[in-house]
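K.L.:
Just one file: coords_35.txt, with compact mmCIF, C-alpha atoms.
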```txt
# COMPACT_ATOMS: atom_id res chain seq x y z
CA MET A 1196 8.52 -7.93 7.11
CA SER A 1197 11.83 -9.05 8.61
CA THR A 1198 11.95 -11.28 11.67
CA THR A 1199 13.83 -8.98 14.08
CA ALA A 1200 12.62 -8.85 17.68
CA GLU A 1201 11.04 -5.42 17.30
CA THR A 1202 9.11 -6.49 14.18
CA ILE A 1203 7.65 -9.43 16.10
CA HIS A 1204 6.82 -6.94 18.83
CA ILE A 1205 4.89 -4.62 16.49
CA ASP A 1206 3.20 -7.66 14.92
CA LYS A 1207 2.00 -8.78 18.35
CA LEU A 1208 0.69 -5.31 19.14
CA LEU A 1209 -1.13 -5.03 15.82
CA HIS A 1210 -2.63 -8.49 16.26
CA ALA A 1211 -3.93 -7.37 19.68
CA VAL A 1212 -5.49 -4.25 18.11
CA VAL A 1213 -7.24 -6.31 15.41
CA ARG A 1214 -8.28 -9.11 17.78
CA GLN A 1215 -9.76 -6.72 20.36
CA GLY A 1216 -11.44 -4.48 17.79
CA ALA A 1217 -9.56 -1.39 19.01
CA SER A 1218 -9.63 1.79 16.94
CA ASP A 1219 -6.13 3.08 17.79
CA LEU A 1220 -2.76 2.05 19.20
CA HIS A 1221 -0.68 4.66 21.08
CA ILE A 1222 3.09 4.16 21.43
CA THR A 1223 4.93 6.63 23.70
CA VAL A 1224 7.90 6.56 26.07
CA GLY A 1225 7.25 6.04 29.81
CA GLN A 1226 4.20 3.77 29.68
CA PRO A 1227 3.11 0.47 28.07
CA PRO A 1228 1.40 0.55 24.64
CA VAL A 1229 -2.17 1.85 24.96
CA ILE A 1230 -5.19 0.95 22.81
CA ARG A 1231 -8.39 2.94 22.39
CA HIS A 1232 -11.35 0.60 22.76
CA ASP A 1233 -14.94 1.92 22.45
CA GLY A 1234 -13.56 5.39 23.08
CA HIS A 1235 -11.63 4.45 26.26
CA MET A 1236 -7.83 4.28 26.61
CA VAL A 1237 -6.64 0.88 27.89
CA LYS A 1238 -3.02 0.08 28.80
CA LEU A 1239 -1.74 -3.26 27.51
CA LYS A 1240 -0.09 -5.59 30.00
CA THR A 1241 3.42 -5.33 28.59
CA LYS A 1242 6.64 -3.55 29.62
CA VAL A 1243 6.92 0.21 29.99
CA LEU A 1244 8.43 1.54 26.75
CA GLU A 1245 11.96 3.01 26.73
CA PRO A 1246 13.18 5.54 24.11
CA SER A 1247 14.98 2.68 22.30
CA ASP A 1248 11.69 0.69 22.13
CA THR A 1249 9.64 3.44 20.49
CA GLN A 1250 12.53 4.19 18.11
CA SER A 1251 12.84 0.55 16.97
CA LEU A 1252 9.04 0.10 16.73
CA MET A 1253 8.86 3.22 14.54
CA LYS A 1254 11.74 2.05 12.30
CA SER A 1255 10.19 -1.41 11.83
CA ILE A 1256 7.17 0.00 9.93
CA THR A 1257 8.11 3.50 8.70
CA PRO A 1258 9.22 4.16 5.09
CA ASP A 1259 12.54 6.00 4.68
CA ARG A 1260 10.93 9.17 3.30
CA CYS A 1261 8.74 9.43 6.43
CA GLN A 1262 11.72 8.84 8.74
CA GLN A 1263 13.48 11.71 6.94
CA GLU A 1264 10.38 13.91 7.32
CA LEU A 1265 10.24 13.05 11.05
CA GLN A 1266 13.82 14.28 11.44
CA ALA A 1267 13.23 17.39 9.32
CA VAL A 1268 9.87 18.64 10.63
CA GLY A 1269 9.13 16.54 13.73
CA GLY A 1270 6.34 14.37 12.31
CA SER A 1271 5.00 12.37 9.35
CA ASP A 1272 1.95 10.32 8.30
CA PHE A 1273 1.66 7.17 6.19
CA GLY A 1274 -0.48 4.08 5.71
CA PHE A 1275 0.41 0.40 5.45
CA ALA A 1276 -1.31 -2.97 5.10
CA PHE A 1277 -1.04 -5.45 7.97
CA GLY A 1278 -1.27 -8.58 5.87
CA ASP A 1279 -4.90 -9.32 5.00
CA LEU A 1280 -6.14 -8.37 8.47
CA ALA A 1281 -6.34 -4.57 8.30
CA ARG A 1282 -4.71 -1.37 7.14
CA PHE A 1283 -3.27 1.18 9.52
CA ARG A 1284 -2.96 4.93 9.21
CA VAL A 1285 0.11 5.98 11.17
CA SER A 1286 1.14 9.32 12.60
CA ILE A 1287 4.74 9.44 13.90
CA PHE A 1288 5.96 12.46 15.85
CA LYS A 1289 8.52 13.74 18.33
CA GLN A 1290 7.56 14.52 21.92
CA ARG A 1291 10.06 15.59 24.60
CA GLY A 1292 12.78 14.62 22.15
CA ASN A 1293 11.54 11.01 21.84
CA VAL A 1294 9.62 9.21 19.10
CA ALA A 1295 5.90 8.55 19.58
CA MET A 1296 3.29 6.97 17.27
CA VAL A 1297 -0.45 6.67 16.93
CA LEU A 1298 -1.77 3.92 14.65
CA ARG A 1299 -5.43 4.05 13.56
CA GLN A 1300 -6.96 0.77 12.40
CA ILE A 1301 -8.68 0.94 9.00
CA PRO A 1302 -10.83 -2.20 8.57
CA ASN A 1303 -10.31 -4.12 5.32
CA LYS A 1304 -14.02 -4.78 4.95
CA LEU A 1305 -16.06 -1.84 3.67
CA LEU A 1306 -19.42 -1.46 5.39
CA THR A 1307 -22.48 -0.29 3.45
CA MET A 1308 -24.19 3.05 4.11
CA GLU A 1309 -27.08 1.12 5.61
CA GLN A 1310 -24.81 -0.84 7.97
CA LEU A 1311 -23.27 2.43 9.14
CA GLY A 1312 -26.72 3.90 9.78
CA LEU A 1313 -26.22 6.85 7.42
CA PRO A 1314 -29.40 8.86 6.67
CA ALA A 1315 -31.29 7.29 3.75
CA ALA A 1316 -31.20 10.58 1.81
CA CYS A 1317 -27.39 10.25 1.39
CA GLU A 1318 -27.84 7.58 -1.28
CA ARG A 1319 -29.94 9.97 -3.37
CA LEU A 1320 -27.68 13.00 -2.81
CA ILE A 1321 -24.42 11.36 -3.88
CA GLN A 1322 -25.97 10.39 -7.23
CA ARG A 1323 -26.30 14.05 -8.21
CA PRO A 1324 -24.34 14.96 -11.38
CA ARG A 1325 -22.31 17.77 -9.80
CA GLY A 1326 -21.73 19.63 -6.54
CA LEU A 1327 -19.95 19.55 -3.19
CA PHE A 1328 -20.84 16.94 -0.55
CA LEU A 1329 -19.14 17.51 2.82
CA VAL A 1330 -18.67 15.01 5.64
CA THR A 1331 -17.72 16.75 8.88
CA GLY A 1332 -17.09 15.99 12.53
CA PRO A 1333 -14.29 15.80 15.09
CA THR A 1334 -11.22 13.59 14.64
CA GLY A 1335 -12.09 9.91 15.08
CA SER A 1336 -15.81 10.35 14.37
CA GLY A 1337 -15.82 7.95 11.41
CA LYS A 1338 -15.72 10.47 8.53
CA SER A 1339 -13.32 8.35 6.47
CA THR A 1340 -15.47 5.24 7.00
CA SER A 1341 -18.65 7.04 5.88
CA LEU A 1342 -16.92 8.46 2.79
CA ALA A 1343 -15.46 5.05 1.91
CA SER A 1344 -18.95 3.49 2.04
CA MET A 1345 -20.30 6.19 -0.32
CA ILE A 1346 -17.41 5.80 -2.77
CA ASN A 1347 -17.86 2.01 -2.67
CA TYR A 1348 -21.59 2.38 -3.42
CA LEU A 1349 -20.85 4.55 -6.46
CA ASN A 1350 -18.03 2.20 -7.52
CA GLU A 1351 -20.40 -0.79 -7.45
CA ASN A 1352 -23.36 0.87 -9.17
CA PHE A 1353 -22.08 3.43 -11.71
CA ASP A 1354 -19.51 3.52 -14.49
CA HIS A 1355 -17.68 6.61 -13.23
CA HIS A 1356 -14.07 7.71 -13.09
CA ILE A 1357 -13.36 8.27 -9.38
CA ILE A 1358 -10.20 10.06 -8.21
CA THR A 1359 -9.34 10.11 -4.50
CA ILE A 1360 -6.74 12.47 -3.04
CA GLU A 1361 -5.70 11.31 0.42
CA ASP A 1362 -3.05 11.85 3.10
CA PRO A 1363 -2.43 8.95 3.49
CA ILE A 1364 -4.57 6.51 1.48
CA GLU A 1365 -6.82 4.75 3.99
CA PHE A 1366 -9.37 2.40 2.40
CA PHE A 1367 -8.32 0.66 -0.83
CA HIS A 1368 -10.96 0.77 -3.59
CA PRO A 1369 -10.50 -1.89 -6.31
CA ASN A 1370 -11.95 -1.09 -9.74
CA LYS A 1371 -15.51 -2.45 -9.87
CA LYS A 1372 -18.07 -0.86 -12.19
CA SER A 1373 -16.09 2.39 -11.91
CA THR A 1374 -12.40 3.11 -12.50
CA VAL A 1375 -10.78 4.30 -9.27
CA ASN A 1376 -7.44 6.13 -9.09
CA GLN A 1377 -6.13 6.86 -5.59
CA ARG A 1378 -3.41 9.50 -5.16
CA GLU A 1379 -1.43 9.89 -1.94
CA ILE A 1380 -0.03 13.24 -0.80
CA GLY A 1381 3.77 13.08 -0.55
CA VAL A 1382 3.97 9.93 -2.69
CA ASP A 1383 1.98 10.62 -5.88
CA VAL A 1384 1.46 14.38 -5.64
CA PRO A 1385 2.84 17.16 -3.37
CA SER A 1386 -0.38 18.80 -2.10
CA PHE A 1387 -4.19 18.62 -2.08
CA SER A 1388 -4.60 21.83 -4.11
CA GLU A 1389 -2.09 20.69 -6.75
CA ALA A 1390 -3.78 17.27 -7.01
CA LEU A 1391 -7.20 18.93 -7.40
CA ARG A 1392 -5.97 21.21 -10.18
CA ARG A 1393 -4.45 18.24 -12.01
CA ALA A 1394 -7.56 16.09 -11.43
CA LEU A 1395 -9.69 18.38 -13.60
CA ARG A 1396 -7.58 17.31 -16.61
CA GLN A 1397 -8.03 13.62 -15.82
CA ASP A 1398 -11.67 13.27 -16.95
CA PRO A 1399 -13.10 12.63 -13.46
CA ASP A 1400 -16.77 12.22 -12.56
CA ILE A 1401 -16.11 12.12 -8.82
CA ILE A 1402 -13.24 13.58 -6.80
CA LEU A 1403 -12.70 12.75 -3.13
CA VAL A 1404 -10.52 15.26 -1.25
CA GLY A 1405 -9.32 13.72 2.00
CA GLU A 1406 -9.22 17.06 3.82
CA LEU A 1407 -10.22 20.60 2.90
CA ARG A 1408 -7.46 22.04 5.04
CA ASP A 1409 -6.55 25.40 3.46
CA LEU A 1410 -7.78 28.20 1.22
CA PRO A 1411 -6.25 26.95 -2.10
CA THR A 1412 -7.76 23.45 -1.56
CA ILE A 1413 -11.22 24.79 -0.65
CA GLU A 1414 -11.12 27.18 -3.63
CA ALA A 1415 -10.15 24.37 -6.01
CA ALA A 1416 -12.86 22.06 -4.59
CA ILE A 1417 -15.60 24.68 -5.09
CA SER A 1418 -14.42 25.32 -8.66
CA ALA A 1419 -14.41 21.60 -9.43
CA ALA A 1420 -17.94 21.23 -7.98
CA GLU A 1421 -19.16 24.12 -10.16
CA THR A 1422 -17.71 22.70 -13.36
CA GLY A 1423 -19.66 19.46 -13.49
CA HIS A 1424 -18.00 17.14 -10.98
CA VAL A 1425 -19.15 15.66 -7.69
CA VAL A 1426 -16.59 16.57 -5.03
CA PHE A 1427 -16.51 14.86 -1.64
CA GLY A 1428 -14.54 16.51 1.13
CA THR A 1429 -14.07 16.41 4.90
CA LEU A 1430 -13.75 19.21 7.45
CA HIS A 1431 -13.11 19.11 11.21
CA THR A 1432 -16.23 21.10 12.00
CA THR A 1433 -19.32 20.32 14.06
CA GLY A 1434 -22.77 20.74 12.56
CA ALA A 1435 -23.93 21.83 9.12
CA GLN A 1436 -24.38 25.48 10.07
CA GLY A 1437 -20.84 25.69 11.49
CA THR A 1438 -19.42 23.98 8.39
CA VAL A 1439 -20.87 26.56 5.99
CA ASN A 1440 -19.58 29.41 8.20
CA ARG A 1441 -16.13 27.84 8.46
CA ILE A 1442 -15.75 27.60 4.66
CA ILE A 1443 -16.82 31.22 4.16
CA ASP A 1444 -14.55 32.46 6.98
CA VAL A 1445 -11.46 30.91 5.35
CA PHE A 1446 -11.75 33.48 2.53
CA PRO A 1447 -10.66 37.14 2.74
CA THR A 1448 -13.57 39.49 3.55
CA SER A 1449 -13.49 40.95 0.02
CA GLN A 1450 -14.25 37.50 -1.47
CA GLN A 1451 -16.88 36.31 0.99
CA ASP A 1452 -19.96 37.58 -0.89
CA GLN A 1453 -18.79 35.83 -4.06
CA ILE A 1454 -18.08 32.59 -2.12
CA ARG A 1455 -21.54 32.69 -0.53
CA THR A 1456 -23.06 32.87 -4.01
CA GLN A 1457 -20.86 29.99 -5.27
CA LEU A 1458 -21.58 27.82 -2.22
CA SER A 1459 -25.33 28.45 -2.43
CA THR A 1460 -25.41 26.74 -5.83
CA SER A 1461 -22.60 24.18 -5.43
CA ILE A 1462 -23.26 22.49 -2.04
CA ILE A 1463 -25.29 19.28 -2.40
CA GLY A 1464 -25.35 18.43 1.28
CA VAL A 1465 -23.47 18.38 4.59
CA LEU A 1466 -23.33 15.22 6.72
CA SER A 1467 -22.06 15.94 10.22
CA GLN A 1468 -21.42 13.01 12.53
CA THR A 1469 -20.24 12.00 15.97
CA LEU A 1470 -19.68 8.65 17.73
CA ILE A 1471 -21.26 7.85 21.11
CA PRO A 1472 -20.49 4.90 23.44
CA LYS A 1473 -23.24 2.30 23.19
CA ILE A 1474 -24.82 0.67 26.23
CA GLY A 1475 -23.35 -2.85 26.37
CA GLY A 1476 -20.20 -1.98 24.38
CA GLY A 1477 -19.27 -0.64 20.98
CA ARG A 1478 -20.15 2.79 19.61
CA VAL A 1479 -23.01 4.19 17.57
CA ALA A 1480 -23.05 7.19 15.19
CA ALA A 1481 -25.42 10.14 15.32
CA HIS A 1482 -25.79 12.13 12.11
CA GLU A 1483 -26.93 15.61 11.19
CA LEU A 1484 -27.86 16.01 7.52
CA LEU A 1485 -28.33 19.24 5.58
CA VAL A 1486 -29.82 18.88 2.10
CA CYS A 1487 -29.13 22.06 0.15
CA ASN A 1488 -32.50 23.03 -1.36
CA SER A 1489 -33.42 26.46 -2.77
CA ALA A 1490 -34.48 27.76 0.67
CA ILE A 1491 -31.12 26.88 2.24
CA GLY A 1492 -29.27 28.16 -0.84
CA ASN A 1493 -30.98 31.52 -0.28
CA LEU A 1494 -29.94 31.58 3.40
CA ILE A 1495 -26.29 30.96 2.42
CA ARG A 1496 -26.34 33.60 -0.32
CA GLU A 1497 -28.04 36.21 1.89
CA ASN A 1498 -25.64 35.63 4.82
CA LYS A 1499 -28.42 34.24 7.06
CA THR A 1500 -26.63 31.01 8.00
CA PHE A 1501 -27.85 31.43 11.62
CA ARG A 1502 -31.24 30.26 10.30
CA ILE A 1503 -29.90 27.02 8.79
CA ASN A 1504 -30.70 24.89 11.85
CA SER A 1505 -34.39 25.86 11.84
CA ALA A 1506 -34.46 25.20 8.06
CA ILE A 1507 -33.08 21.69 8.71
CA GLN A 1508 -35.81 21.16 11.30
CA THR A 1509 -38.54 22.02 8.80
CA GLY A 1510 -36.88 20.01 6.00
CA ALA A 1511 -37.56 16.54 7.44
CA LYS A 1512 -39.50 15.49 4.31
CA GLN A 1513 -36.28 15.75 2.30
CA GLY A 1514 -34.43 13.59 4.81
CA MET A 1515 -32.88 16.42 6.80
CA VAL A 1516 -32.16 15.82 10.47
CA LEU A 1517 -30.57 17.86 13.28
CA LEU A 1518 -27.87 16.27 15.43
CA ASP A 1519 -29.85 16.72 18.64
CA ASP A 1520 -32.89 15.01 17.08
CA ALA A 1521 -30.67 12.05 16.13
CA LEU A 1522 -29.28 11.96 19.69
CA PHE A 1523 -32.82 12.02 21.12
CA ARG A 1524 -33.76 9.02 18.96
CA HIS A 1525 -30.74 7.10 20.30
CA TRP A 1526 -31.93 7.86 23.84
CA LYS A 1527 -35.48 6.80 22.98
CA ALA A 1528 -34.21 3.53 21.46
CA GLY A 1529 -32.17 2.83 24.60
CA ASN A 1530 -28.87 2.81 22.68
CA CYS A 1531 -26.89 5.24 24.85
CA THR A 1532 -26.88 6.81 28.29
CA LYS A 1533 -28.31 10.28 28.77
CA GLN A 1534 -24.91 11.57 29.99
CA ASP A 1535 -23.06 10.34 26.89
CA LEU A 1536 -25.67 11.86 24.57
CA LEU A 1537 -25.73 15.24 26.32
CA ALA A 1538 -21.93 15.40 26.07
CA LYS A 1539 -22.26 15.39 22.25
CA ALA A 1540 -25.32 17.64 21.95
CA ALA A 1541 -25.29 20.98 20.13
CA SER A 1542 -27.76 22.38 22.71
CA PRO A 1543 -27.33 20.19 25.81
CA ASP A 1544 -29.80 22.17 27.95
CA GLU A 1545 -32.58 21.88 25.37
CA LEU A 1546 -31.92 18.17 24.83
CA ALA A 1547 -31.83 17.56 28.60
CA ALA A 1548 -35.22 19.30 28.98
CA ARG A 1549 -36.64 17.27 26.11
CA ILE A 1550 -35.44 14.00 27.62
CA ALA A 1551 -36.80 15.06 31.04
CA ASN A 1552 -40.21 15.74 29.47
CA ALA A 1553 -40.12 12.39 27.71
CA GLU A 1554 -39.19 10.64 30.95
CA ARG A 1555 -42.31 12.17 32.51
CA GLY A 1556 -44.32 10.85 29.56
CA MET A 1557 -44.88 14.31 28.10
CA PHE A 1558 -43.84 13.78 24.46
CA ASP A 1559 -44.80 17.01 22.80
CA GLU A 1560 -46.39 16.86 19.38
CA ASP A 1561 -43.21 18.12 17.81
CA ASP A 1562 -41.20 15.10 18.99
CA ALA A 1563 -43.91 12.66 17.93
CA ASP A 1564 -44.06 14.23 14.51
CA LYS A 1565 -40.31 14.20 13.98
CA ASP A 1566 -39.81 10.69 15.23
CA ASP A 1567 -42.73 9.08 13.46
CA LYS A 1568 -43.12 10.73 10.10
CA GLY A 1569 -41.29 14.01 10.00
CA ASP A 1570 -44.14 15.39 7.91
CA LYS A 1571 -44.76 18.73 9.61
CA ASP A 1572 -43.08 20.45 6.70
CA ASN A 1573 -45.49 20.93 3.84
CA GLY A 1574 -43.74 23.86 2.22
CA HIS A 1575 -40.42 22.17 1.36
CA GLY A 1576 -39.36 19.27 -0.77
CA LYS A 1577 -41.05 20.46 -3.96
CA LYS A 1578 -37.82 21.40 -5.68
CA LYS A 1579 -37.16 19.19 -8.66
```
Show me this structure written as structure tokens.
P.N.:
Amino acid sequence: MSTTAETIHIDKLLHAVVRQGASDLHITVGQPPVIRHDGHMVKLKTKVLEPSDTQSLMKSITPDRCQQELQAVGGSDFGFAFGDLARFRVSIFKQRGNVAMVLRQIPNKLLTMEQLGLPAACERLIQRPRGLFLVTGPTGSGKSTSLASMINYLNENFDHHIITIEDPIEFFHPNKKSTVNQREIGVDVPSFSEALRRALRQDPDIILVGELRDLPTIEAAISAAETGHVVFGTLHTTGAQGTVNRIIDVFPTSQQDQIRTQLSTSIIGVLSQTLIPKIGGGRVAAHELLVCNSAIGNLIRENKTFRINSAIQTGAKQGMVLLDDALFRHWKAGNCTKQDLLAKAASPDELAARIANAERGMFDEDDADKDDKGDKDNGHGKKK
């Protein structure tokens, strides 16, 4: 980096983000830089930014091709390394005719699945020889971090060829036991669907698709999962049931029956996650996990996805868990406030009633079962 005043300025801001453990840095005209810390937006004690400030901050870190894309279409995304401290994923865009930026911090250190609190069954699921594993949740819910921990686990333990297709590349994966090739949209390949088609000729064992954002990409991912590859993908959906419906709904009505059949055999699992503020600072993740067994495969094929949630509830022996059950456990463990948990719940009224019962010391048998052993289900988990 050069030593111009604005570069020093961006360096100082990025140091503040890293030092304070913030997730994002917002740069926009008319206010000081703002960081997101534990989910809250906090203004930094610096000057209010002028149009010339945001323009020079943008130019100090943005590659020429992205500056051209900003001019042409009003926005662009890229990633860059901030020395050895962190990587940042950057979105630059125009607003009211001025330049604005949001920089998301990507930690250099990869956390393990255990450290992230992912359901134990994930480790078993991602070792399957083929199929589609989806990680879903709203923006900023830690999907990329969870996926990176899974890819790192496979990279450390198996001699696979792993191809990642990302926009932009977030976590760097050095070659360990596996060979890892990371392709960036707009730099190495024009689109997700094109990269996926090409990947099938590159002898992959595992393909990570940064985002299943359109019909051609979803179609290519399902085909790859059917032909003997493990495909990881992300979607901005909430809950396993909603994720399956969203994929089917992307296809024209005439194709939906065929897609249901393909999905029923190709989905390995769906991990849906959300982040909740933790009492005392920081954030904690709550996960919903769907393990696609024969019973759930049948529900998908027969267009009975509305029954998926109750199938997850009875599938605890296979490691399945509903989001609201995970939220209830966080409340029981004293990790989060009731208000924060209810804000993320799939059925807030039901969760509120359950917490109210628990507060009165009326744990029903169902809760005790789920929280202690999860062994109510005797009819599932026999599939080899």
K.L.:
Just checking: using only C-alpha atoms, which residue out of A:Pro1258, A:Gly1326, A:Gly1556, A:Gly1292 ends up closest to Leu1458 of chain A?
P.N.:
A:Gly1326
K.L.:
Measuring atom to atom with only C-alpha atoms, identify which of A:Gln1310, A:Leu1349, A:Asp1383, A:Ala1548 is nearest to Lys1371 of chain A.
P.N.:
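Answer, going by the shortest atom-to-atom distance: A:Leu1349.
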K.L.:
Find, counting only C-alpha atoms, the residue in A:Ile1346, A:Val1224, A:Ile1454, A:Ile1413 that gets nearest to Phe1288 of chain A.
P.N.:
A:Val1224
K.L.:
Taking into account only C-alpha atoms, which residue in the set A:Gly1477, A:Lys1289, A:Gln1250, A:His1210 is nearest to Cys1531 of chain A?
P.N.:
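Checking each candidate against Cys1531 of chain A, we get A:Gly1477 as the closest.
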K.L.:
I'd like to know which of A:Pro1246, A:Pro1302, A:Gly1216, A:Pro1543 is closest to Phe1366 of chain A, using all atoms listed in the file.
P.N.:
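For Phe1366 of chain A, the nearest of the given residues is A:Pro1302.
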K.L.:
Excluding segment 1520-1527 of chain A and any residue of its chain fewer than 3 positions from it, enumerate the residues within 9 Å of it, using all atoms listed in the file, and give them as a list in words.
P.N.:
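The filter keeps Val1479, Ala1481, His1482, Glu1483, Gln1508, Val1516, Leu1517, Asn1530, Cys1531, Thr1532, Lys1533, Leu1536, Leu1537, Lys1539, Ala1540, Leu1546, Arg1549, Ile1550, Ala1553, Asp1562, Lys1565 and Asp1566 of chain A.
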K.L.:
Taking 4 positions as the minimum chain separation for residues in the same chain, which residues sit within 8 Å of Asp1272 of chain A when counting all atoms listed in the file? Answer as an MDAnalysis selection string.
P.N.:
chainID A and resid 1261 1284:1287 1362:1363
K.L.:
Could you give me, as a PyMOL selection string, the residues within 12 Å of Ile1358 of chain A, counting only C-alpha atoms and dropping anything in the same chain fewer than 4 positions from it?
P.N.:
chain A and resi 1346+1350+1364+1368+1370+1373-1379+1390-1391+1393-1405+1424-1427
K.L.:
Need the shell around Leu1485 of chain A: protein/DNA/RNA residues with any atom at most 12 Å away, counting only C-alpha atoms. Skip same-chain ones fewer than 5 positions apart. Format as a VMD selection string?
P.N.:
chain A and resid 1314 1316 to 1317 1320 1328 to 1331 1434 to 1439 1462 to 1468 1490 to 1492 1503 to 1518
K.L.:
Restricting the calculation to all atoms listed in the file, which member of A:Asp1279, A:Lys1242, A:Leu1298, A:Arg1291 is positioned closest to Ser1218 of chain A?
P.N.:
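Closest to Ser1218 of chain A, using all atoms listed in the file: A:Leu1298.
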K.L.:
What is the distance, in Å and to one decimal place, between atom CA of Phe1501 of chain A and atom CA of Ile1443 of chain A?
P.N.:
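So the answer is 13.3 Å.
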K.L.:
Mind pulling up the distance from atom CA of Val1294 of chain A to atom CA of Gln1262 of chain A?
P.N.:
10.6 Å
K.L.:
Which residues come within 12 Å of Arg1282 of chain A, counting only C-alpha atoms, excluding same-chain residues fewer than 5 positions away, as a list in words?
P.N.:
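Selected residues are Leu1209, His1210, Val1212, Val1213, Ser1218, Asp1219, Phe1273, Gly1274, Phe1275, Ala1276, Phe1277, Leu1298, Arg1299, Gln1300, Ile1301, Pro1302, Asn1303, Lys1304, Leu1305, Pro1363, Ile1364, Glu1365, Phe1366 and Phe1367 of chain A.
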K.L.:
Could you please determine the separation between atom CA of Met1236 of chain A and atom CA of Gly1529 of chain A in Å, to one decimal place?
P.N.:
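It comes out at 24.5 Å.
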K.L.:
Can you take the partial segment 1485-1497 of chain A, add N, CA, C and O atoms, and return it as a PDB file, in the frame of the given file?
P.N.:
```pdb
ATOM      1  N   LEU A1485     -27.800  18.072   6.284  1.00  0.00           N
ATOM      2  CA  LEU A1485     -28.330  19.240   5.580  1.00  0.00           C
ATOM      3  C   LEU A1485     -28.441  18.895   4.104  1.00  0.00           C
ATOM      4  O   LEU A1485     -27.465  18.442   3.504  1.00  0.00           O
ATOM      5  N   VAL A1486     -29.625  19.049   3.534  1.00  0.00           N
ATOM      6  CA  VAL A1486     -29.820  18.880   2.100  1.00  0.00           C
ATOM      7  C   VAL A1486     -29.985  20.287   1.527  1.00  0.00           C
ATOM      8  O   VAL A1486     -30.882  21.024   1.942  1.00  0.00           O
ATOM      9  N   CYS A1487     -29.102  20.663   0.612  1.00  0.00           N
ATOM     10  CA  CYS A1487     -29.130  22.060   0.150  1.00  0.00           C
ATOM     11  C   CYS A1487     -30.233  22.266  -0.897  1.00  0.00           C
ATOM     12  O   CYS A1487     -30.036  22.025  -2.082  1.00  0.00           O
ATOM     13  N   ASN A1488     -31.411  22.697  -0.438  1.00  0.00           N
ATOM     14  CA  ASN A1488     -32.500  23.030  -1.360  1.00  0.00           C
ATOM     15  C   ASN A1488     -32.477  24.537  -1.638  1.00  0.00           C
ATOM     16  O   ASN A1488     -31.592  25.253  -1.154  1.00  0.00           O
ATOM     17  N   SER A1489     -33.443  25.039  -2.391  1.00  0.00           N
ATOM     18  CA  SER A1489     -33.420  26.460  -2.770  1.00  0.00           C
ATOM     19  C   SER A1489     -33.535  27.367  -1.549  1.00  0.00           C
ATOM     20  O   SER A1489     -32.902  28.424  -1.483  1.00  0.00           O
ATOM     21  N   ALA A1490     -34.315  26.941  -0.540  1.00  0.00           N
ATOM     22  CA  ALA A1490     -34.480  27.760   0.670  1.00  0.00           C
ATOM     23  C   ALA A1490     -33.148  27.919   1.401  1.00  0.00           C
ATOM     24  O   ALA A1490     -32.774  29.025   1.820  1.00  0.00           O
ATOM     25  N   ILE A1491     -32.406  26.816   1.541  1.00  0.00           N
ATOM     26  CA  ILE A1491     -31.120  26.880   2.240  1.00  0.00           C
ATOM     27  C   ILE A1491     -30.091  27.617   1.386  1.00  0.00           C
ATOM     28  O   ILE A1491     -29.272  28.385   1.891  1.00  0.00           O
ATOM     29  N   GLY A1492     -30.136  27.398   0.071  1.00  0.00           N
ATOM     30  CA  GLY A1492     -29.270  28.160  -0.840  1.00  0.00           C
ATOM     31  C   GLY A1492     -29.452  29.659  -0.654  1.00  0.00           C
ATOM     32  O   GLY A1492     -28.468  30.423  -0.610  1.00  0.00           O
ATOM     33  N   ASN A1493     -30.697  30.099  -0.511  1.00  0.00           N
ATOM     34  CA  ASN A1493     -30.980  31.520  -0.280  1.00  0.00           C
ATOM     35  C   ASN A1493     -30.385  32.016   1.041  1.00  0.00           C
ATOM     36  O   ASN A1493     -29.833  33.113   1.109  1.00  0.00           O
ATOM     37  N   LEU A1494     -30.492  31.195   2.092  1.00  0.00           N
ATOM     38  CA  LEU A1494     -29.940  31.580   3.400  1.00  0.00           C
ATOM     39  C   LEU A1494     -28.416  31.760   3.312  1.00  0.00           C
ATOM     40  O   LEU A1494     -27.860  32.688   3.903  1.00  0.00           O
ATOM     41  N   ILE A1495     -27.750  30.854   2.576  1.00  0.00           N
ATOM     42  CA  ILE A1495     -26.290  30.960   2.420  1.00  0.00           C
ATOM     43  C   ILE A1495     -25.937  32.231   1.654  1.00  0.00           C
ATOM     44  O   ILE A1495     -25.074  33.009   2.061  1.00  0.00           O
ATOM     45  N   ARG A1496     -26.643  32.454   0.546  1.00  0.00           N
ATOM     46  CA  ARG A1496     -26.340  33.600  -0.320  1.00  0.00           C
ATOM     47  C   ARG A1496     -26.594  34.936   0.404  1.00  0.00           C
ATOM     48  O   ARG A1496     -25.840  35.886   0.269  1.00  0.00           O
ATOM     49  N   GLU A1497     -27.653  34.960   1.213  1.00  0.00           N
ATOM     50  CA  GLU A1497     -28.040  36.210   1.890  1.00  0.00           C
ATOM     51  C   GLU A1497     -27.370  36.385   3.257  1.00  0.00           C
ATOM     52  O   GLU A1497     -27.761  37.254   4.039  1.00  0.00           O
TER      53      GLU A1497
END
```
